[in-house]
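Participant: Here you go, this is my_file.cif (mmCIF, C-alpha atoms).
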data_my_file
loop_
_atom_site.label_atom_id
_atom_site.label_comp_id
_atom_site.auth_asym_id
_atom_site.auth_seq_id
_atom_site.Cartn_x
_atom_site.Cartn_y
_atom_site.Cartn_z
CA MET A 527 0.00 0.00 0.00
CA THR A 528 1.15 3.52 -0.75
CA SER A 529 1.55 5.65 2.39
CA TRP A 530 1.54 9.02 0.70
CA VAL A 531 -0.93 11.04 -1.33
CA PRO A 532 0.51 13.27 -4.06
CA ILE A 533 -0.45 16.93 -4.08
CA ARG A 534 -0.11 19.10 -7.15
CA PRO A 535 3.03 21.18 -6.50
CA GLY A 536 3.34 24.88 -7.16
CA ARG A 537 4.82 25.84 -10.51
CA ASP A 538 8.59 25.63 -10.51
CA LEU A 539 9.71 28.67 -12.48
CA ARG A 540 13.11 27.07 -13.07
CA LEU A 541 11.57 24.52 -15.40
CA ASP A 542 9.98 27.15 -17.64
CA VAL A 543 13.10 29.32 -17.71
CA ILE A 544 15.38 26.38 -18.50
CA ARG A 545 13.08 25.11 -21.23
CA GLY A 546 12.99 28.61 -22.68
CA TRP A 547 16.77 28.83 -22.74
CA LEU A 548 16.92 25.40 -24.36
CA GLN A 549 14.70 26.64 -27.19
CA VAL A 550 16.98 29.61 -27.79
CA SER A 551 19.98 27.29 -27.71
CA ILE A 552 18.39 24.78 -30.10
CA PHE A 553 17.44 27.55 -32.53
CA VAL A 554 20.90 29.13 -32.77
CA SER A 555 22.74 25.80 -32.70
CA HIS A 556 20.86 24.70 -35.81
CA ILE A 557 22.06 27.73 -37.78
CA ALA A 558 24.85 26.17 -39.84
CA ASN A 559 28.31 27.68 -39.26
CA SER A 560 26.90 30.35 -36.95
CA PHE A 561 29.48 31.94 -34.66
CA VAL A 562 26.68 32.72 -32.22
CA GLY A 563 25.52 29.12 -32.22
CA GLU A 564 29.06 27.84 -31.86
CA TRP A 565 30.26 29.98 -28.94
CA PHE A 566 27.37 31.71 -27.17
CA ILE A 567 25.40 28.74 -25.87
CA HIS A 568 26.25 26.18 -23.22
CA ARG A 569 26.92 23.45 -25.81
CA ALA A 570 30.27 25.09 -26.60
CA TYR A 571 31.51 24.43 -23.08
CA GLY A 572 30.47 20.86 -22.49
CA LEU A 573 29.74 17.48 -24.01
CA SER A 574 25.94 17.38 -23.94
CA ASP A 575 23.70 19.95 -25.59
CA SER A 576 20.07 21.00 -25.38
CA SER A 577 18.73 17.68 -26.70
CA GLU A 578 19.56 15.81 -23.50
CA GLN A 579 18.06 18.48 -21.27
CA PHE A 580 14.99 18.91 -23.48
CA LEU A 581 14.27 15.19 -23.23
CA PHE A 582 15.17 15.08 -19.54
CA LEU A 583 12.70 17.83 -18.64
CA SER A 584 9.94 16.12 -20.63
CA GLY A 585 10.48 12.87 -18.74
CA PHE A 586 10.70 14.73 -15.42
CA MET A 587 7.46 16.63 -15.92
CA LEU A 588 5.46 13.73 -17.37
CA GLY A 589 6.67 11.38 -14.65
CA SER A 590 5.13 13.78 -12.15
CA VAL A 591 1.97 14.33 -14.22
CA TYR A 592 1.40 10.61 -14.77
CA THR A 593 1.82 9.87 -11.07
CA LEU A 594 -0.58 12.63 -10.06
CA LYS A 595 -3.24 11.55 -12.54
CA SER A 596 -2.90 7.91 -11.52
CA PHE A 597 -3.62 8.72 -7.89
CA ARG A 598 -6.32 11.27 -8.62
CA ASP A 599 -8.20 9.64 -11.50
CA GLY A 600 -6.89 6.08 -11.74
CA TRP A 601 -4.26 4.43 -13.90
CA ARG A 602 -6.59 4.06 -16.89
CA VAL A 603 -7.14 7.82 -17.10
CA ALA A 604 -3.41 8.42 -16.70
CA LEU A 605 -2.66 5.89 -19.42
CA LEU A 606 -5.16 7.47 -21.84
CA ASP A 607 -3.73 10.89 -21.07
CA ILE A 608 -0.16 9.85 -21.90
CA TRP A 609 -1.36 8.09 -25.06
CA ARG A 610 -3.21 11.25 -26.07
CA ARG A 611 -0.05 13.30 -25.54
CA ALA A 612 2.03 10.82 -27.53
CA GLY A 613 -0.53 10.80 -30.34
CA ARG A 614 -0.58 14.58 -30.52
CA LEU A 615 3.20 14.73 -30.66
CA TYR A 616 3.26 12.01 -33.32
CA ARG A 617 0.88 14.05 -35.49
CA ILE A 618 2.99 17.16 -35.00
CA HIS A 619 6.08 15.20 -36.06
CA LEU A 620 4.39 14.06 -39.28
CA GLN A 621 3.16 17.59 -39.99
CA GLN A 622 6.68 18.87 -39.37
CA ASN A 623 8.03 16.42 -41.95
CA ILE A 624 5.48 17.51 -44.56
CA LEU A 625 6.07 21.22 -44.06
CA PHE A 626 9.85 20.88 -43.88
CA VAL A 627 10.13 18.83 -47.06
CA ALA A 628 7.83 21.32 -48.81
CA MET A 629 10.12 24.17 -47.80
CA LEU A 630 13.20 22.25 -48.96
CA ALA A 631 11.51 21.42 -52.27
CA ILE A 632 10.98 25.12 -52.92
CA ILE A 633 14.57 25.93 -51.95
CA SER A 634 15.89 23.09 -54.15
CA ALA A 635 13.83 24.23 -57.11
CA THR A 636 14.93 27.85 -56.83
CA ILE A 637 18.24 28.76 -55.22
CA LEU A 638 19.93 25.57 -53.92
CA PRO A 639 19.58 22.59 -56.26
CA GLY A 640 20.13 19.26 -54.52
CA GLU A 641 19.18 20.55 -51.08
CA LEU A 642 16.69 17.76 -50.48
CA ALA A 643 19.35 15.11 -51.03
CA ARG A 644 21.93 16.99 -48.97
CA LEU A 645 19.69 16.96 -45.91
CA GLY A 646 18.84 13.27 -46.18
CA TRP A 647 15.62 13.36 -48.19
CA GLY A 648 17.09 11.63 -51.25
CA TRP A 649 15.39 8.33 -50.46
CA LEU A 650 12.02 10.09 -50.47
CA LEU A 651 12.69 11.15 -54.05
CA GLU A 652 13.88 7.68 -55.09
CA SER A 653 11.29 5.50 -53.31
CA PRO A 654 8.48 7.75 -52.05
CA LEU A 655 6.12 4.95 -50.97
CA LEU A 656 8.76 3.14 -48.91
CA ALA A 657 10.13 6.40 -47.52
CA VAL A 658 6.71 7.66 -46.42
CA THR A 659 5.99 4.29 -44.79
CA ALA A 660 9.30 4.50 -42.90
CA ILE A 661 8.55 8.09 -41.82
CA ILE A 662 5.17 6.97 -40.48
CA GLY A 663 6.95 4.14 -38.66
CA LEU A 664 9.46 6.64 -37.18
CA ILE A 665 12.40 4.79 -38.73
CA TYR A 666 13.32 7.21 -41.51
CA GLN A 667 14.47 10.46 -39.92
CA PRO A 668 16.23 12.93 -42.23
CA ASP A 669 18.28 15.79 -40.79
CA TRP A 670 16.49 17.85 -38.11
CA MET A 671 13.56 15.41 -37.98
CA ASP A 672 15.07 13.10 -35.37
CA ILE A 673 14.30 14.45 -31.89
CA LEU A 674 10.49 14.42 -31.65
CA PRO A 675 10.24 10.64 -32.28
CA MET A 676 12.34 10.10 -29.17
CA PHE A 677 9.74 11.97 -27.11
CA VAL A 678 7.04 9.74 -28.58
CA TRP A 679 8.98 6.59 -27.67
CA GLY A 680 9.61 7.95 -24.18
CA MET A 681 5.92 8.66 -23.63
CA LEU A 682 4.93 5.19 -24.78
CA LEU A 683 7.46 3.60 -22.42
CA LEU A 684 6.47 5.77 -19.47
CA PRO A 685 3.35 3.92 -18.23
CA LEU A 686 5.11 0.54 -18.21
CA PHE A 687 8.08 2.01 -16.37
CA MET A 688 5.91 3.80 -13.82
CA MET A 689 4.04 0.58 -13.06
CA ALA A 690 7.37 -1.16 -12.50
CA GLU A 691 8.58 1.71 -10.32
CA ALA A 692 5.43 1.54 -8.20
CA ARG A 693 6.24 -2.08 -7.42
CA TRP A 694 10.04 -2.14 -7.24
CA GLY A 695 11.08 1.49 -6.67
CA TRP A 696 14.51 2.49 -7.96
CA LYS A 697 15.15 -1.09 -9.07
CA ALA A 698 12.83 -0.39 -12.01
CA LEU A 699 15.75 1.57 -13.48
CA ILE A 700 17.91 -1.56 -13.75
CA PRO A 701 16.42 -2.85 -17.06
CA PRO A 702 16.67 0.60 -18.75
CA ALA A 703 20.24 0.90 -17.47
CA LEU A 704 21.17 -2.55 -18.82
CA LEU A 705 19.59 -1.73 -22.18
CA TYR A 706 21.54 1.54 -22.29
CA GLY A 707 24.73 -0.34 -21.41
CA ALA A 708 24.07 -2.80 -24.24
CA THR A 709 23.99 0.09 -26.72
CA GLN A 710 27.34 1.37 -25.47
CA ILE A 711 29.13 -1.91 -26.12
CA GLY A 712 27.38 -2.48 -29.45
CA TRP A 713 25.11 -5.36 -28.49
CA VAL A 714 21.94 -3.39 -29.33
CA ARG A 715 21.41 -0.91 -32.14
CA ALA A 716 18.48 1.15 -33.38
CA PRO A 717 16.73 -0.29 -36.43
CA SER A 718 17.90 1.27 -39.69
CA LEU A 719 17.18 0.75 -43.36
CA THR A 720 20.74 1.29 -44.60
CA ALA A 721 23.94 2.71 -43.15
CA GLU A 722 22.77 6.17 -44.19
CA ILE A 723 19.01 5.86 -43.64
CA GLY A 724 17.71 5.36 -40.13
CA MET A 725 17.22 7.02 -36.76
CA GLY A 726 19.18 10.05 -35.63
CA PHE A 727 18.72 9.10 -31.96
CA ASP A 728 18.98 5.49 -30.85
CA PRO A 729 15.82 4.95 -28.73
CA PHE A 730 17.48 2.06 -26.88
CA ALA A 731 20.09 4.49 -25.58
CA TRP A 732 18.05 7.65 -25.13
CA GLN A 733 15.23 5.94 -23.24
CA PHE A 734 17.51 5.81 -20.20
CA ILE A 735 17.76 9.56 -19.62
CA TYR A 736 14.00 9.92 -20.18
CA LEU A 737 13.12 7.23 -17.63
CA VAL A 738 15.68 8.45 -15.09
CA ALA A 739 14.01 11.84 -15.34
CA ALA A 740 10.55 10.27 -14.96
CA TYR A 741 11.73 8.54 -11.78
CA LEU A 742 13.04 11.85 -10.45
CA GLY A 743 9.77 13.56 -11.39
CA LYS A 744 7.88 11.13 -9.19
CA ARG A 745 10.39 11.68 -6.37
CA ALA A 746 9.88 15.42 -6.64
CA LEU A 747 6.13 14.92 -6.33
CA ARG A 748 6.51 12.57 -3.37
CA ASP A 749 9.37 14.17 -1.43
CA GLY A 750 9.27 17.78 -2.55
CA VAL A 751 12.76 17.50 -4.07
CA ALA A 752 13.91 15.33 -6.93
CA LEU A 753 17.48 14.72 -5.76
CA PRO A 754 18.90 14.21 -2.25
CA TYR A 755 21.29 17.14 -2.58
CA ARG A 756 21.16 17.80 1.19
CA ALA A 757 22.28 14.29 2.15
CA ALA A 758 25.59 13.80 3.95
CA TRP A 759 27.22 12.38 0.83
CA ALA A 760 25.80 15.04 -1.50
CA PRO A 761 28.97 17.23 -1.41
CA LEU A 762 30.90 14.34 -2.99
CA VAL A 763 28.40 14.18 -5.86
CA THR A 764 28.51 17.95 -6.20
CA GLY A 765 32.29 17.90 -6.38
CA GLY A 766 32.19 15.14 -8.98
CA ALA A 767 29.60 17.04 -11.03
CA ILE A 768 31.74 20.19 -10.99
CA LEU A 769 34.77 18.17 -12.06
CA VAL A 770 32.77 16.65 -14.95
CA LEU A 771 31.75 20.13 -16.10
CA LEU A 772 35.32 21.45 -15.93
CA VAL A 773 36.80 18.53 -17.86
CA SER A 774 33.96 18.72 -20.38
CA ALA A 775 34.52 22.45 -20.87
CA TYR A 776 38.21 21.82 -21.53
CA ILE A 777 37.41 19.12 -24.08
CA GLY A 778 34.72 21.26 -25.71
CA VAL A 779 36.88 24.34 -26.13
CA CYS A 780 39.82 22.31 -27.44
CA TRP A 781 37.54 20.53 -29.89
CA ARG A 782 36.13 23.75 -31.29
CA LEU A 783 39.48 25.51 -31.49
CA GLU A 784 41.02 22.37 -33.04
CA LEU A 785 43.72 22.35 -30.39
CA SER A 786 45.66 19.24 -29.51
CA TRP A 787 44.61 17.58 -26.27
CA PRO A 788 45.71 14.35 -24.62
CA ALA A 789 43.36 11.99 -26.43
CA PRO A 790 43.29 10.40 -29.90
CA ALA A 791 40.78 11.63 -32.45
CA PRO A 792 38.63 8.45 -32.36
CA PHE A 793 38.21 8.90 -28.62
CA ALA A 794 37.09 12.50 -29.14
CA ALA A 795 34.53 11.39 -31.71
CA TRP A 796 33.21 8.76 -29.29
CA VAL A 797 32.92 11.29 -26.45
CA TYR A 798 30.62 13.39 -28.62
CA ASP A 799 28.64 10.47 -30.07
CA LYS A 800 25.08 11.75 -29.96
CA GLN A 801 23.22 8.97 -31.74
CA GLU A 802 24.12 6.40 -29.07
CA LEU A 803 24.23 8.98 -26.23
CA ALA A 804 27.83 8.15 -25.24
CA TRP A 805 28.15 7.87 -21.49
CA PRO A 806 30.36 10.99 -21.14
CA ARG A 807 27.52 12.99 -22.72
CA LEU A 808 25.03 11.36 -20.37
CA LEU A 809 27.25 12.02 -17.36
CA HIS A 810 27.62 15.67 -18.36
CA ALA A 811 23.86 16.08 -18.76
CA LEU A 812 23.11 14.48 -15.39
CA SER A 813 25.82 16.58 -13.72
CA LEU A 814 24.15 19.73 -15.03
CA ALA A 815 20.79 18.53 -13.72
CA TRP A 816 22.26 17.86 -10.27
CA LEU A 817 23.92 21.27 -9.98
CA VAL A 818 20.84 23.15 -11.14
CA ALA A 819 18.61 21.26 -8.70
CA ALA A 820 21.06 21.80 -5.86
CA PHE A 821 22.04 25.44 -6.34
CA VAL A 822 19.42 27.30 -8.38
CA PRO A 823 16.47 28.45 -6.21
CA ARG A 824 12.96 27.61 -7.37
CA ASN A 825 11.83 31.20 -7.95
CA PRO A 826 14.75 33.62 -7.66
CA GLY A 827 14.23 37.32 -8.30
CA TRP A 828 16.16 37.40 -11.55
CA MET A 829 13.73 34.94 -13.09
CA GLN A 830 10.99 37.52 -12.54
CA GLY A 831 12.90 40.13 -14.55
CA ARG A 832 12.66 40.79 -18.27
CA VAL A 833 15.12 38.16 -19.42
CA GLY A 834 13.83 35.52 -17.03
CA SER A 835 10.21 36.27 -17.95
CA ALA A 836 11.05 36.06 -21.65
CA MET A 837 12.72 32.67 -21.16
CA ALA A 838 9.77 31.46 -19.09
CA LEU A 839 7.38 32.57 -21.83
CA LEU A 840 9.30 30.53 -24.39
CA GLY A 841 9.42 27.59 -21.99
CA ARG A 842 5.67 27.53 -21.47
CA HIS A 843 5.22 26.98 -25.21
CA SER A 844 8.40 25.04 -25.87
CA LEU A 845 6.94 22.56 -28.38
CA GLU A 846 5.50 25.19 -30.71
CA VAL A 847 8.62 27.33 -30.32
CA PHE A 848 10.84 24.36 -31.12
CA CYS A 849 8.88 23.52 -34.29
CA LEU A 850 8.99 27.08 -35.64
CA GLY A 851 12.62 27.41 -34.58
CA LEU A 852 13.69 24.60 -36.93
CA PHE A 853 12.29 26.44 -39.94
CA LEU A 854 13.85 29.74 -38.86
CA SER A 855 17.20 28.02 -38.29
CA TYR A 856 17.20 26.55 -41.76
CA LEU A 857 16.26 29.86 -43.39
CA ALA A 858 19.02 31.60 -41.44
CA SER A 859 21.49 28.90 -42.50
CA THR A 860 20.46 29.39 -46.11
CA ALA A 861 20.94 33.16 -45.86
CA LEU A 862 24.46 32.73 -44.45
CA HIS A 863 25.27 30.33 -47.27
CA GLN A 864 23.95 32.68 -49.93
CA PHE A 865 25.56 35.85 -48.58
CA PRO A 866 28.93 34.83 -47.06
CA GLY A 867 30.28 38.36 -47.43
CA TRP A 868 27.66 39.62 -44.99
CA PHE A 869 28.30 36.85 -42.45
CA TRP A 870 29.37 38.98 -39.49
CA LEU A 871 26.34 41.22 -39.85
CA LEU A 872 23.78 38.58 -40.73
CA ASP A 873 24.79 36.03 -38.12
CA PRO A 874 24.00 38.04 -34.96
CA ALA A 875 21.16 39.92 -36.66
CA MET A 876 19.34 36.74 -37.65
CA ALA A 877 19.94 35.17 -34.24
CA VAL A 878 18.35 38.16 -32.52
CA ALA A 879 15.55 38.43 -35.07
CA GLY A 880 14.80 34.72 -34.82
CA VAL A 881 14.54 34.83 -31.03
CA ALA A 882 12.25 37.85 -31.38
CA VAL A 883 9.98 35.90 -33.74
CA LEU A 884 9.91 32.95 -31.34
CA LEU A 885 9.02 35.29 -28.49
CA GLY A 886 6.25 36.74 -30.63
CA LEU A 887 4.83 33.28 -31.21
CA ALA A 888 5.01 32.45 -27.51
CA TRP A 889 3.34 35.77 -26.59
CA TRP A 890 0.53 35.13 -29.09
CA LEU A 891 -0.03 31.62 -27.77
CA ASP A 892 -0.05 32.93 -24.20
CA ARG A 893 -2.61 35.60 -25.05
CA LYS A 894 -4.70 33.04 -26.89
CA LYS A 895 -4.67 30.79 -23.84
CA VAL A 896 -5.66 33.64 -21.51
CA VAL A 897 -8.58 34.59 -23.75
CA ARG A 898 -9.74 30.97 -23.94
CA VAL A 899 -9.64 30.59 -20.16
CA ARG A 900 -11.55 33.86 -19.75
CA VAL A 901 -14.24 32.76 -22.19
CA VAL A 902 -14.64 29.41 -20.41
CA ALA A 903 -14.84 31.18 -17.03
CA GLU A 904 -17.47 33.61 -18.27
CA ALA A 905 -19.49 30.82 -19.86
CA SER A 906 -19.57 28.87 -16.61
#
Could you write out this structure as structure tokens?

Facilitator:
Amino acid sequence: MTSWVPIRPGRDLRLDVIRGWLQVSIFVSHIANSFVGEWFIHRAYGLSDSSEQFLFLSGFMLGSVYTLKSFRDGWRVALLDIWRRAGRLYRIHLQQNILFVAMLAIISATILPGELARLGWGWLLESPLLAVTAIIGLIYQPDWMDILPMFVWGMLLLPLFMMAEARWGWKALIPPALLYGATQIGWVRAPSLTAEIGMGFDPFAWQFIYLVAAYLGKRALRDGVALPYRAAWAPLVTGGAILVLLVSAYIGVCWRLELSWPAPAPFAAWVYDKQELAWPRLLHALSLAWLVAAFVPRNPGWMQGRVGSAMALLGRHSLEVFCLGLFLSYLASTALHQFPGWFWLLDPAMAVAGVAVLLGLAWWLDRKKVVRVRVVAEAS
């Protein structure tokens, strides 16, 4: 029998602000060859990037939501809710594919011939029926279309994991950990059609960070904090996390400046392996999560200021902002390619303009939500 009753917690402003920053980071990092995207986001000074944190926060929040709904409305309602969320995200992913390939088709037909093939859509042109079937099955993921399927897989795995966690506690993480370990030694690989056509993110590897986050989300709901950062041994973990960040920053800066560092090139490539979520990347991402949970207050004053409020606004509408951001990133990349002589003017200008457009979208969605709530309140 469960001896605790979950209570909906107050909104943690950190989550919105961090998700907002991740959207800014994802947008500028997707601008090809951008100096801003290369040096002015946290990815430049570490091994992991916004993908790990984006997925982590989704697992964290949905782990809490699923637990709350299960206790309040029953596991069937919670299961239907998570399926509904996964279905909505799946539809958005398919729509994103359609709109993105349409944009690339226009670009290929006008200013950049061969752009579809360059970004991995060549198979769609050669075998459209098979390619569309593989897209529907989430196996064929051309460039920039590879992150949302991982959220869908995570959501589908979540109910099974949460049922296991309710029975066995932290031991429910052992099977995901073993599966992740199998990907690191090459025993398990994501399904692919050819060496070039397949998944950008191996779901057998990336499921681990999602389910760890879901476990922590339930802990946060139950205990009020996700991580035991006030335990007697917590300073050792904090010290280790700081060391991981320092070493990762050294590796990251050396990598980007093409400096020699005491490791062979194959090792460096493995450290940054994103498809299989190499364990140094995972360790860096979890170290960041620990330090933020331990040292960033829930609602500090600076998060109420203009910058913090802007990031929180983006974070509240992170999915829509992410989707639009991919299109803006590609258009900015195309502009830099077409006008290399204007690079140093266009690069920062388009980064700032793109963030402004994303903020405009988030503001419009926020206003739309407020109006809808007001109409419902007046009608009742």

Participant: So that I can see what lies close to A:Gln710, please list as a PyMOL selection string the residues with an atom at most 8 Å from it, counting all atoms listed in the file and leaving out residues fewer than 4 positions away in the same chain.

Facilitator: chain A and resi 706+731+802+804-805

Participant: Write out as a list in words the residues lying within 12 Å of A:Tyr798, counting only C-alpha atoms and excluding same-chain residues fewer than 2 positions away.

Facilitator: Arg569, Ala570, Gly572, Leu573, Ser574, Asp575, Ser774, Ile777, Gly778, Trp781, Ala791, Pro792, Phe793, Ala794, Ala795, Trp796, Lys800, Gln801, Glu802, Leu803, Ala804, Trp805, Pro806, Arg807, Leu808, Leu809 and His810 of chain A

Participant: For the file shown, report as a ChimeraX atom specification the outcome of the PyMOL selection byres ((chain A and resi 685) around 12) at residue level.

Facilitator: /A:585,588-593,595-596,601-609,612,679-684,686-692,737,740-741

Participant: What does the structure give for the distance between atom CA of A:Tyr755 and atom CA of A:Leu583, in Å to one decimal?

Facilitator: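 These atoms are spaced 18.2 Å apart.
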
Participant: Residue by residue, what does the PyMOL selection byres ((chain A and resi 552-566) around 10) grab here? Present the result as a ChimeraX atom specification.

Facilitator: /A:546-551,567-571,575-577,580,670,779,782,847-863,869-870,872-874,876-878,880-881,884

Participant: Determine, counting only C-alpha atoms, which protein, DNA and RNA residues have an atom within 12 Å of an atom of A:Asp672; residues of the same chain fewer than 6 positions away are not included. Present the result as a ChimeraX atom specification.

Facilitator: /A:577,619-620,622-623,646,661,664-666,678-679,723-729,732,800-801,852

Participant: Closest to A:Trp816 among A:Gln579, A:Ser653, A:Ser835, A:Gln864, using all atoms listed in the file?

Facilitator: A:Gln579

Participant: What's the separation between atom CA of A:Phe734 and atom CA of A:Leu705, in Å to one decimal place?

Facilitator: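 Those two atoms sit 8.1 Å apart.
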
Participant: Between atom CA of A:Asp892 and atom CA of A:Ala752, what is the distance in Å, rounded to a tenth?

Facilitator: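 Separation of atom CA of A:Asp892 and atom CA of A:Ala752: 28.3 Å.
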
Participant: Which neighbours of A:Arg545 fall inside 8 Å, counting all atoms listed in the file, when residues of the same chain fewer than 5 positions from it are skipped, and could you give them as a PyMOL selection string?

Facilitator: chain A and resi 580+583+837-838+840-842+844

Participant: Check what the PyMOL selection byres ((chain A and resi 820) around 12) selects in the file above and give those residues as a PyMOL selection string.

Facilitator: chain A and resi 540+751-757+760-761+763-765+767-768+813-819+821-824

Participant: Mind dumping the selected residues with C-alpha atoms as an mmCIF file, keeping the file's coordinate frame?

Facilitator:
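The new file out_15.cif reads:
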data_model
loop_
_atom_site.group_PDB
_atom_site.id
_atom_site.type_symbol
_atom_site.label_atom_id
_atom_site.label_comp_id
_atom_site.auth_asym_id
_atom_site.auth_seq_id
_atom_site.Cartn_x
_atom_site.Cartn_y
_atom_site.Cartn_z
ATOM 1 C CA ARG A 540 13.110 27.070 -13.070
ATOM 2 C CA VAL A 751 12.760 17.500 -4.070
ATOM 3 C CA ALA A 752 13.910 15.330 -6.930
ATOM 4 C CA LEU A 753 17.480 14.720 -5.760
ATOM 5 C CA PRO A 754 18.900 14.210 -2.250
ATOM 6 C CA TYR A 755 21.290 17.140 -2.580
ATOM 7 C CA ARG A 756 21.160 17.800 1.190
ATOM 8 C CA ALA A 757 22.280 14.290 2.150
ATOM 9 C CA ALA A 760 25.800 15.040 -1.500
ATOM 10 C CA PRO A 761 28.970 17.230 -1.410
ATOM 11 C CA VAL A 763 28.400 14.180 -5.860
ATOM 12 C CA THR A 764 28.510 17.950 -6.200
ATOM 13 C CA GLY A 765 32.290 17.900 -6.380
ATOM 14 C CA ALA A 767 29.600 17.040 -11.030
ATOM 15 C CA ILE A 768 31.740 20.190 -10.990
ATOM 16 C CA SER A 813 25.820 16.580 -13.720
ATOM 17 C CA LEU A 814 24.150 19.730 -15.030
ATOM 18 C CA ALA A 815 20.790 18.530 -13.720
ATOM 19 C CA TRP A 816 22.260 17.860 -10.270
ATOM 20 C CA LEU A 817 23.920 21.270 -9.980
ATOM 21 C CA VAL A 818 20.840 23.150 -11.140
ATOM 22 C CA ALA A 819 18.610 21.260 -8.700
ATOM 23 C CA PHE A 821 22.040 25.440 -6.340
ATOM 24 C CA VAL A 822 19.420 27.300 -8.380
ATOM 25 C CA PRO A 823 16.470 28.450 -6.210
ATOM 26 C CA ARG A 824 12.960 27.610 -7.370
#
